[in-house]
Amino acid sequence: MLKSILKKITPKIIIKKTRVLRYFPQFIIGKYHKNFKKPIKIFNKYFFFPEDINTIELGRYFFNHYEKEEKYFIEKYIRDTDSILELGGNVGVISNLINGKLKIKENHIVFEPNPFLIDFLNKNKKLNNSKYFVIQGVISKDKNIEFYLSKNILSSSIKVISKNKITPKSYSISEVENKYKIHFNVLVMDIEGAEIDLIRDFDLSKFEKLIIEFHPGKTKIEEIDFCKTNLINQGFVLVEKTKDVEFWKKN
C-alpha cells in the first residue's frame with residue numbers, strides 16, 4: 001500500500017534515476033564479465049553464458065538471483081546416491097549443482113534441445129569438473145516436435161512460437177535408461193511449458209522424486225491443474241512449493 005502511494009507521488013525522473021542506481025552494480029559486473037569474457041560465479045561454481053545475454057541480467061546472476069528456487073530444492077532433497085534425469089539443461093547452472101552432490105557423477109543425464117547451448121553445457125561441465133552426459137534433444141512421444149528459438153536463447157520453447165524453429169531428436173525415458181544403463185529415480189525439469197505435454201504423455205510413477213518448474217505465463221492454468229491431478233493419480237504428493245517450482249515425492 002505504502003509502496004504504491006509513494007510511486008504515485010514521486011516524480012518520474014526520481015523513479016528513473018533510482019532504478020538506474022539500483023541496477024548499477026549488476027550492470028558493472030555484467031559488463032566486466034562480457035568485455036573480458038570471464039566466467040561468472042554462481043553458487044560457488046563458474047559459468048560462461050552466450051554473448052548476447054543482457055548485461056544487467058548477467059550481473060544479477062552474480063548475486064545468486066538465477067534459479068535459486070531450484071537450488072533450494074536440490075540442496076534439500078537430492079541425495080548423493082540419486083540417479084538424475086534432467087530436462088532443460090540450459091548452460092548447466094543447475095546441472096553442475098546437481099552433479100556436485102552425486103557419488104556416481106555419471107548417473108546424471110542432461111537434455112537440452114537448443115543447439116546454441118550445447119557448447120556452453122559442455123564447456124561449463126568441464127570448467128566445474130562435472131561428469132553428466134549431455135544429449136541434444138527432448139523427451140517426447142512426438143517425433144516431429146517443433147522447438148522455437150527466441151531472441152533470448154535462454155528461454156526458447158515449444159510453446160512460444162517464433163520464426164526460428166528446429167526439430168530436435170525425440171527420445172523416450174526407457175530409451176535413455178537402456179542406452180546409459182541407468183535407472184533414474186529423480187526427474188528435474190525446467191522446460192518452458194513443455195512439462196504439460198511430458199506429464200500428460202508419460203508415466204512418471206517409476207520416479208521417486210520430481211522437481212518441476214511450471215510456467216503459467218506459457219501454459220494455461222487448467223493445463224497445470226490437469227498435470228497436478230495426473231501426478232496425484234500416479235502416486236505423487238506435493239511436498240513443497242516455492243513460486244512456480246515444486247517438489248513432488250512418491251507417496
# chains A, B, ... in the order shown; residues from 1 in each chain; ligands from 1

$ residues_around --residues "stretch 154-157 of chain A" --least-positions-apart "4" --cutoff "9 Å" --atoms "only C-alpha atoms" --output "mmCIF file with N, CA and C atoms, in the first residue's frame"
data_model
loop_
_atom_site.group_PDB
_atom_site.id
_atom_site.type_symbol
_atom_site.label_atom_id
_atom_site.label_comp_id
_atom_site.auth_asym_id
_atom_site.auth_seq_id
_atom_site.Cartn_x
_atom_site.Cartn_y
_atom_site.Cartn_z
ATOM 1 N N PRO A 50 26.105 -17.130 -23.185
ATOM 2 C CA PRO A 50 26.148 -16.562 -24.536
ATOM 3 C C PRO A 50 26.411 -15.058 -24.505
ATOM 4 N N ILE A 53 23.522 -12.266 -24.114
ATOM 5 C CA ILE A 53 22.692 -12.163 -22.917
ATOM 6 C C ILE A 53 22.729 -10.736 -22.377
ATOM 7 N N ASN A 90 19.969 -25.894 -20.214
ATOM 8 C CA ASN A 90 20.400 -24.517 -20.419
ATOM 9 C C ASN A 90 21.928 -24.468 -20.509
ATOM 10 N N VAL A 91 22.595 -23.617 -19.732
ATOM 11 C CA VAL A 91 24.058 -23.558 -19.781
ATOM 12 C C VAL A 91 24.691 -24.410 -18.678
ATOM 13 N N ASN A 114 18.257 -26.894 -27.463
ATOM 14 C CA ASN A 114 18.771 -25.711 -28.157
ATOM 15 C C ASN A 114 20.223 -25.936 -28.590
ATOM 16 N N LEU A 117 23.172 -23.897 -27.100
ATOM 17 C CA LEU A 117 23.537 -24.017 -25.690
ATOM 18 C C LEU A 117 24.360 -25.265 -25.385
ATOM 19 N N GLU A 146 8.245 -29.454 -32.836
ATOM 20 C CA GLU A 146 8.847 -28.186 -33.270
ATOM 21 C C GLU A 146 9.282 -27.388 -32.047
ATOM 22 N N PHE A 147 10.518 -26.980 -32.054
ATOM 23 C CA PHE A 147 11.107 -26.223 -30.950
ATOM 24 C C PHE A 147 11.488 -24.850 -31.477
ATOM 25 N N TYR A 148 10.990 -23.790 -30.815
ATOM 26 C CA TYR A 148 11.161 -22.427 -31.311
ATOM 27 C C TYR A 148 12.278 -21.707 -30.558
ATOM 28 N N LEU A 149 13.181 -21.109 -31.310
ATOM 29 C CA LEU A 149 14.308 -20.379 -30.740
ATOM 30 C C LEU A 149 13.926 -18.914 -30.585
ATOM 31 N N SER A 150 14.047 -18.388 -29.380
ATOM 32 C CA SER A 150 13.696 -16.991 -29.121
ATOM 33 C C SER A 150 14.936 -16.107 -29.225
ATOM 34 N N ILE A 161 5.799 -19.457 -29.982
ATOM 35 C CA ILE A 161 6.138 -19.561 -31.401
ATOM 36 C C ILE A 161 7.007 -18.384 -31.854
ATOM 37 N N ILE A 191 11.421 -26.791 -18.520
ATOM 38 C CA ILE A 191 11.373 -26.897 -19.981
ATOM 39 C C ILE A 191 10.354 -25.939 -20.608
ATOM 40 N N GLU A 192 10.178 -24.802 -19.955
ATOM 41 C CA GLU A 192 9.473 -23.664 -20.548
ATOM 42 C C GLU A 192 8.085 -23.997 -21.095
ATOM 43 N N GLY A 193 7.324 -24.735 -20.328
ATOM 44 C CA GLY A 193 5.946 -25.047 -20.713
ATOM 45 C C GLY A 193 5.738 -26.447 -21.237
ATOM 46 N N ALA A 194 6.814 -27.100 -21.713
ATOM 47 C CA ALA A 194 6.694 -28.456 -22.265
ATOM 48 C C ALA A 194 6.421 -29.498 -21.181
#

$ select_by_dssp --residues "stretch 145-230 of chain A" --states "helix (DSSP H, G or I)" --output "ChimeraX atom specification"
/A:153-155,173-180,195-201,221-230

$ write_last_selection --atoms "N, CA and C atoms" --output "short mmCIF file (atom, residue, chain, number, x, y, z; two decimals), in the first residue's frame"
data_model
loop_
_atom_site.label_atom_id
_atom_site.label_comp_id
_atom_site.auth_asym_id
_atom_site.auth_seq_id
_atom_site.Cartn_x
_atom_site.Cartn_y
_atom_site.Cartn_z
N ILE A 153 18.04 -16.72 -26.10
CA ILE A 153 18.14 -18.16 -26.30
C ILE A 153 18.06 -18.94 -24.99
N LEU A 154 18.04 -18.22 -23.85
CA LEU A 154 17.89 -18.89 -22.57
C LEU A 154 16.44 -19.23 -22.26
N SER A 155 15.51 -18.81 -23.13
CA SER A 155 14.10 -19.08 -22.85
C SER A 155 13.37 -19.61 -24.08
N ILE A 173 11.96 -42.12 -22.20
CA ILE A 173 12.76 -42.29 -20.97
C ILE A 173 13.43 -43.66 -20.97
N SER A 174 12.71 -44.67 -21.39
CA SER A 174 13.28 -46.03 -21.39
C SER A 174 14.44 -46.16 -22.36
N GLU A 175 14.38 -45.45 -23.49
CA GLU A 175 15.50 -45.46 -24.45
C GLU A 175 16.78 -44.97 -23.78
N VAL A 176 16.67 -43.89 -23.05
CA VAL A 176 17.83 -43.29 -22.40
C VAL A 176 18.36 -44.21 -21.31
N GLU A 177 17.47 -44.78 -20.52
CA GLU A 177 17.89 -45.69 -19.46
C GLU A 177 18.63 -46.91 -20.03
N ASN A 178 18.10 -47.45 -21.11
CA ASN A 178 18.72 -48.63 -21.72
C ASN A 178 20.08 -48.30 -22.32
N LYS A 179 20.19 -47.15 -22.96
CA LYS A 179 21.45 -46.77 -23.59
C LYS A 179 22.55 -46.52 -22.57
N TYR A 180 22.22 -45.84 -21.48
CA TYR A 180 23.24 -45.46 -20.50
C TYR A 180 23.28 -46.39 -19.29
N GLU A 195 6.54 -29.08 -19.91
CA GLU A 195 6.21 -30.02 -18.82
C GLU A 195 4.76 -30.50 -18.90
N ILE A 196 3.90 -29.67 -19.49
CA ILE A 196 2.50 -30.04 -19.65
C ILE A 196 2.37 -31.30 -20.51
N ASP A 197 3.05 -31.31 -21.66
CA ASP A 197 2.98 -32.44 -22.58
C ASP A 197 3.65 -33.68 -21.99
N LEU A 198 4.78 -33.47 -21.32
CA LEU A 198 5.52 -34.60 -20.78
C LEU A 198 4.72 -35.32 -19.68
N ILE A 199 4.15 -34.55 -18.78
CA ILE A 199 3.36 -35.15 -17.69
C ILE A 199 2.10 -35.82 -18.24
N ARG A 200 1.56 -35.26 -19.30
CA ARG A 200 0.37 -35.85 -19.93
C ARG A 200 0.70 -37.17 -20.65
N ASP A 201 1.86 -37.22 -21.31
CA ASP A 201 2.17 -38.34 -22.22
C ASP A 201 2.94 -39.49 -21.58
N ILE A 221 -3.70 -22.25 -16.90
CA ILE A 221 -3.85 -22.73 -15.52
C ILE A 221 -4.56 -24.08 -15.50
N GLU A 222 -5.53 -24.25 -16.42
CA GLU A 222 -6.26 -25.52 -16.48
C GLU A 222 -5.31 -26.68 -16.84
N GLU A 223 -4.34 -26.40 -17.69
CA GLU A 223 -3.37 -27.43 -18.07
C GLU A 223 -2.49 -27.80 -16.88
N ILE A 224 -2.08 -26.80 -16.13
CA ILE A 224 -1.25 -27.05 -14.94
C ILE A 224 -2.03 -27.86 -13.91
N ASP A 225 -3.29 -27.49 -13.71
CA ASP A 225 -4.13 -28.23 -12.76
C ASP A 225 -4.30 -29.69 -13.20
N PHE A 226 -4.45 -29.90 -14.51
CA PHE A 226 -4.57 -31.25 -15.03
C PHE A 226 -3.30 -32.06 -14.75
N CYS A 227 -2.15 -31.40 -14.94
CA CYS A 227 -0.86 -32.06 -14.68
C CYS A 227 -0.76 -32.50 -13.22
N LYS A 228 -1.15 -31.63 -12.33
CA LYS A 228 -1.04 -31.93 -10.90
C LYS A 228 -1.98 -33.07 -10.50
N THR A 229 -3.16 -33.09 -11.10
CA THR A 229 -4.09 -34.20 -10.86
C THR A 229 -3.50 -35.49 -11.38
N ASN A 230 -2.87 -35.42 -12.54
CA ASN A 230 -2.22 -36.59 -13.14
C ASN A 230 -1.12 -37.13 -12.23
#

$ select_by_dssp --residues "stretch 119-242 of chain A" --states "strand (DSSP E)" --output "mmCIF file with N, CA and C atoms, in the first residue's frame"
data_model
loop_
_atom_site.group_PDB
_atom_site.id
_atom_site.type_symbol
_atom_site.label_atom_id
_atom_site.label_comp_id
_atom_site.auth_asym_id
_atom_site.auth_seq_id
_atom_site.Cartn_x
_atom_site.Cartn_y
_atom_site.Cartn_z
ATOM 1 N N PHE A 133 26.175 -36.523 -18.616
ATOM 2 C CA PHE A 133 26.122 -36.723 -20.066
ATOM 3 C C PHE A 133 25.130 -35.726 -20.662
ATOM 4 N N VAL A 134 25.489 -35.128 -21.784
ATOM 5 C CA VAL A 134 24.641 -34.140 -22.452
ATOM 6 C C VAL A 134 24.023 -34.764 -23.698
ATOM 7 N N ILE A 135 22.705 -34.641 -23.825
ATOM 8 C CA ILE A 135 22.002 -35.105 -25.025
ATOM 9 C C ILE A 135 21.275 -33.918 -25.648
ATOM 10 N N VAL A 138 15.000 -33.946 -26.931
ATOM 11 C CA VAL A 138 13.897 -33.804 -25.976
ATOM 12 C C VAL A 138 13.345 -35.172 -25.618
ATOM 13 N N ILE A 139 12.685 -35.249 -24.472
ATOM 14 C CA ILE A 139 11.889 -36.421 -24.117
ATOM 15 C C ILE A 139 10.470 -36.148 -24.602
ATOM 16 N N PHE A 147 10.518 -26.980 -32.054
ATOM 17 C CA PHE A 147 11.107 -26.223 -30.950
ATOM 18 C C PHE A 147 11.488 -24.850 -31.477
ATOM 19 N N TYR A 148 10.990 -23.790 -30.815
ATOM 20 C CA TYR A 148 11.161 -22.427 -31.311
ATOM 21 C C TYR A 148 12.278 -21.707 -30.558
ATOM 22 N N LEU A 149 13.181 -21.109 -31.310
ATOM 23 C CA LEU A 149 14.308 -20.379 -30.740
ATOM 24 C C LEU A 149 13.926 -18.914 -30.585
ATOM 25 N N ASN A 164 12.138 -18.704 -35.951
ATOM 26 C CA ASN A 164 13.215 -19.688 -35.993
ATOM 27 C C ASN A 164 12.800 -20.951 -35.252
ATOM 28 N N LYS A 165 12.789 -22.064 -35.966
ATOM 29 C CA LYS A 165 12.409 -23.305 -35.312
ATOM 30 C C LYS A 165 13.290 -24.453 -35.803
ATOM 31 N N ILE A 166 13.399 -25.457 -34.950
ATOM 32 C CA ILE A 166 14.154 -26.653 -35.283
ATOM 33 C C ILE A 166 13.305 -27.867 -34.914
ATOM 34 N N SER A 170 13.772 -36.772 -30.734
ATOM 35 C CA SER A 170 12.941 -37.145 -29.591
ATOM 36 C C SER A 170 13.342 -38.511 -29.056
ATOM 37 N N TYR A 171 13.295 -38.640 -27.733
ATOM 38 C CA TYR A 171 13.638 -39.883 -27.057
ATOM 39 C C TYR A 171 12.540 -40.236 -26.075
ATOM 40 N N VAL A 186 15.115 -39.775 -9.984
ATOM 41 C CA VAL A 186 14.785 -38.349 -9.816
ATOM 42 C C VAL A 186 14.643 -37.693 -11.188
ATOM 43 N N LEU A 187 13.572 -36.923 -11.348
ATOM 44 C CA LEU A 187 13.353 -36.142 -12.567
ATOM 45 C C LEU A 187 13.363 -34.666 -12.206
ATOM 46 N N VAL A 188 14.227 -33.909 -12.883
ATOM 47 C CA VAL A 188 14.305 -32.458 -12.691
ATOM 48 C C VAL A 188 13.985 -31.814 -14.032
ATOM 49 N N MET A 189 13.002 -30.918 -14.070
ATOM 50 C CA MET A 189 12.702 -30.299 -15.366
ATOM 51 C C MET A 189 12.283 -28.841 -15.263
ATOM 52 N N LYS A 209 11.239 -38.955 -6.949
ATOM 53 C CA LYS A 209 11.209 -37.519 -6.644
ATOM 54 C C LYS A 209 11.149 -36.715 -7.938
ATOM 55 N N LEU A 210 10.391 -35.627 -7.900
ATOM 56 C CA LEU A 210 10.264 -34.734 -9.050
ATOM 57 C C LEU A 210 10.508 -33.294 -8.606
ATOM 58 N N ILE A 211 11.348 -32.585 -9.342
ATOM 59 C CA ILE A 211 11.485 -31.139 -9.165
ATOM 60 C C ILE A 211 11.038 -30.512 -10.473
ATOM 61 N N ILE A 212 9.926 -29.781 -10.433
ATOM 62 C CA ILE A 212 9.293 -29.273 -11.648
ATOM 63 C C ILE A 212 9.084 -27.767 -11.537
ATOM 64 N N GLU A 213 9.480 -27.047 -12.581
ATOM 65 C CA GLU A 213 9.075 -25.650 -12.675
ATOM 66 C C GLU A 213 7.930 -25.555 -13.670
ATOM 67 N N PHE A 236 1.966 -39.507 -6.602
ATOM 68 C CA PHE A 236 2.850 -38.478 -6.059
ATOM 69 C C PHE A 236 2.074 -37.550 -5.121
ATOM 70 N N VAL A 237 2.811 -36.943 -4.200
ATOM 71 C CA VAL A 237 2.235 -35.938 -3.318
ATOM 72 C C VAL A 237 3.105 -34.690 -3.375
ATOM 73 N N LEU A 238 2.474 -33.521 -3.423
ATOM 74 C CA LEU A 238 3.210 -32.259 -3.423
ATOM 75 C C LEU A 238 3.732 -31.997 -2.016
ATOM 76 N N VAL A 239 5.055 -31.913 -1.890
ATOM 77 C CA VAL A 239 5.686 -31.742 -0.583
ATOM 78 C C VAL A 239 5.920 -30.277 -0.273
ATOM 79 N N GLU A 240 6.400 -29.535 -1.278
ATOM 80 C CA GLU A 240 6.783 -28.146 -1.037
ATOM 81 C C GLU A 240 6.781 -27.368 -2.346
ATOM 82 N N LYS A 241 6.481 -26.071 -2.246
ATOM 83 C CA LYS A 241 6.424 -25.212 -3.429
ATOM 84 C C LYS A 241 7.054 -23.872 -3.105
ATOM 85 N N THR A 242 7.892 -23.368 -4.022
ATOM 86 C CA THR A 242 8.449 -22.024 -3.916
ATOM 87 C C THR A 242 8.260 -21.338 -5.255
#

$ residues_around --residues "A:Asn144" --least-positions-apart "3" --cutoff "9 Å" --atoms "only C-alpha atoms" --output "list in words"
Lys141, Thr167, Pro168, Lys169 and Ser170 of chain A

$ closest_residue --among "A:Lys143, A:Arg60, A:Lys151, A:Lys218" --to "A:Ile40" --atoms "only C-alpha atoms"
A:Arg60

$ atom_distance --atom1 "atom CA of A:Lys125" --atom2 "atom CA of A:Ser95"
8.2 Å

$ closest_residue --among "A:Glu70, A:Asp82, A:Glu112, A:Asp190" --to "A:Lys243" --atoms "only C-alpha atoms"
A:Glu70

$ closest_residue --among "A:Ile109, A:Thr219, A:Asn251, A:Ser162" --to "A:Lys206" --atoms "only C-alpha atoms"
A:Asn251

$ residues_around --residues "stretch 64-67 of chain A" --least-positions-apart "3" --cutoff "8 Å" --atoms "only C-alpha atoms" --output "NGL selection string"
:A and (42-43 or 60-61 or 70-71 or 94)

$ write_last_selection --atoms "C-alpha atoms" --output "JSON list (two decimals), in the first residue's frame"
[["chain", "number", "residue", "atom", "x", "y", "z"],
["A", 42, "ILE", "CA", 27.07, -18.60, -9.34],
["A", 43, "PHE", "CA", 26.53, -20.76, -6.23],
["A", 60, "ARG", "CA", 22.03, -10.40, -11.49],
["A", 61, "TYR", "CA", 23.27, -13.99, -11.77],
["A", 70, "GLU", "CA", 15.71, -24.98, -7.87],
["A", 71, "LYS", "CA", 18.91, -24.61, -5.84],
["A", 94, "ILE", "CA", 21.58, -26.49, -12.15]]

$ atom_distance --atom1 "atom CA of A:Phe247" --atom2 "atom CA of A:Tyr77"
8.5 Å

$ closest_residue --among "A:Lys159, A:Phe47, A:Ser172, A:Asn152" --to "A:Asn122" --atoms "only C-alpha atoms"
A:Phe47

$ closest_residue --among "A:Leu121, A:Pro39, A:Pro113, A:Gly100" --to "A:Ile145" --atoms "only C-alpha atoms"
A:Pro113

$ closest_residue --among "A:Ser130, A:Asn185, A:Asn35, A:Gln136" --to "A:Ser83" --atoms "only C-alpha atoms"
A:Asn185

$ atom_distance --atom1 "atom CA of A:Leu58" --atom2 "atom CA of A:Lys126"
20.6 Å
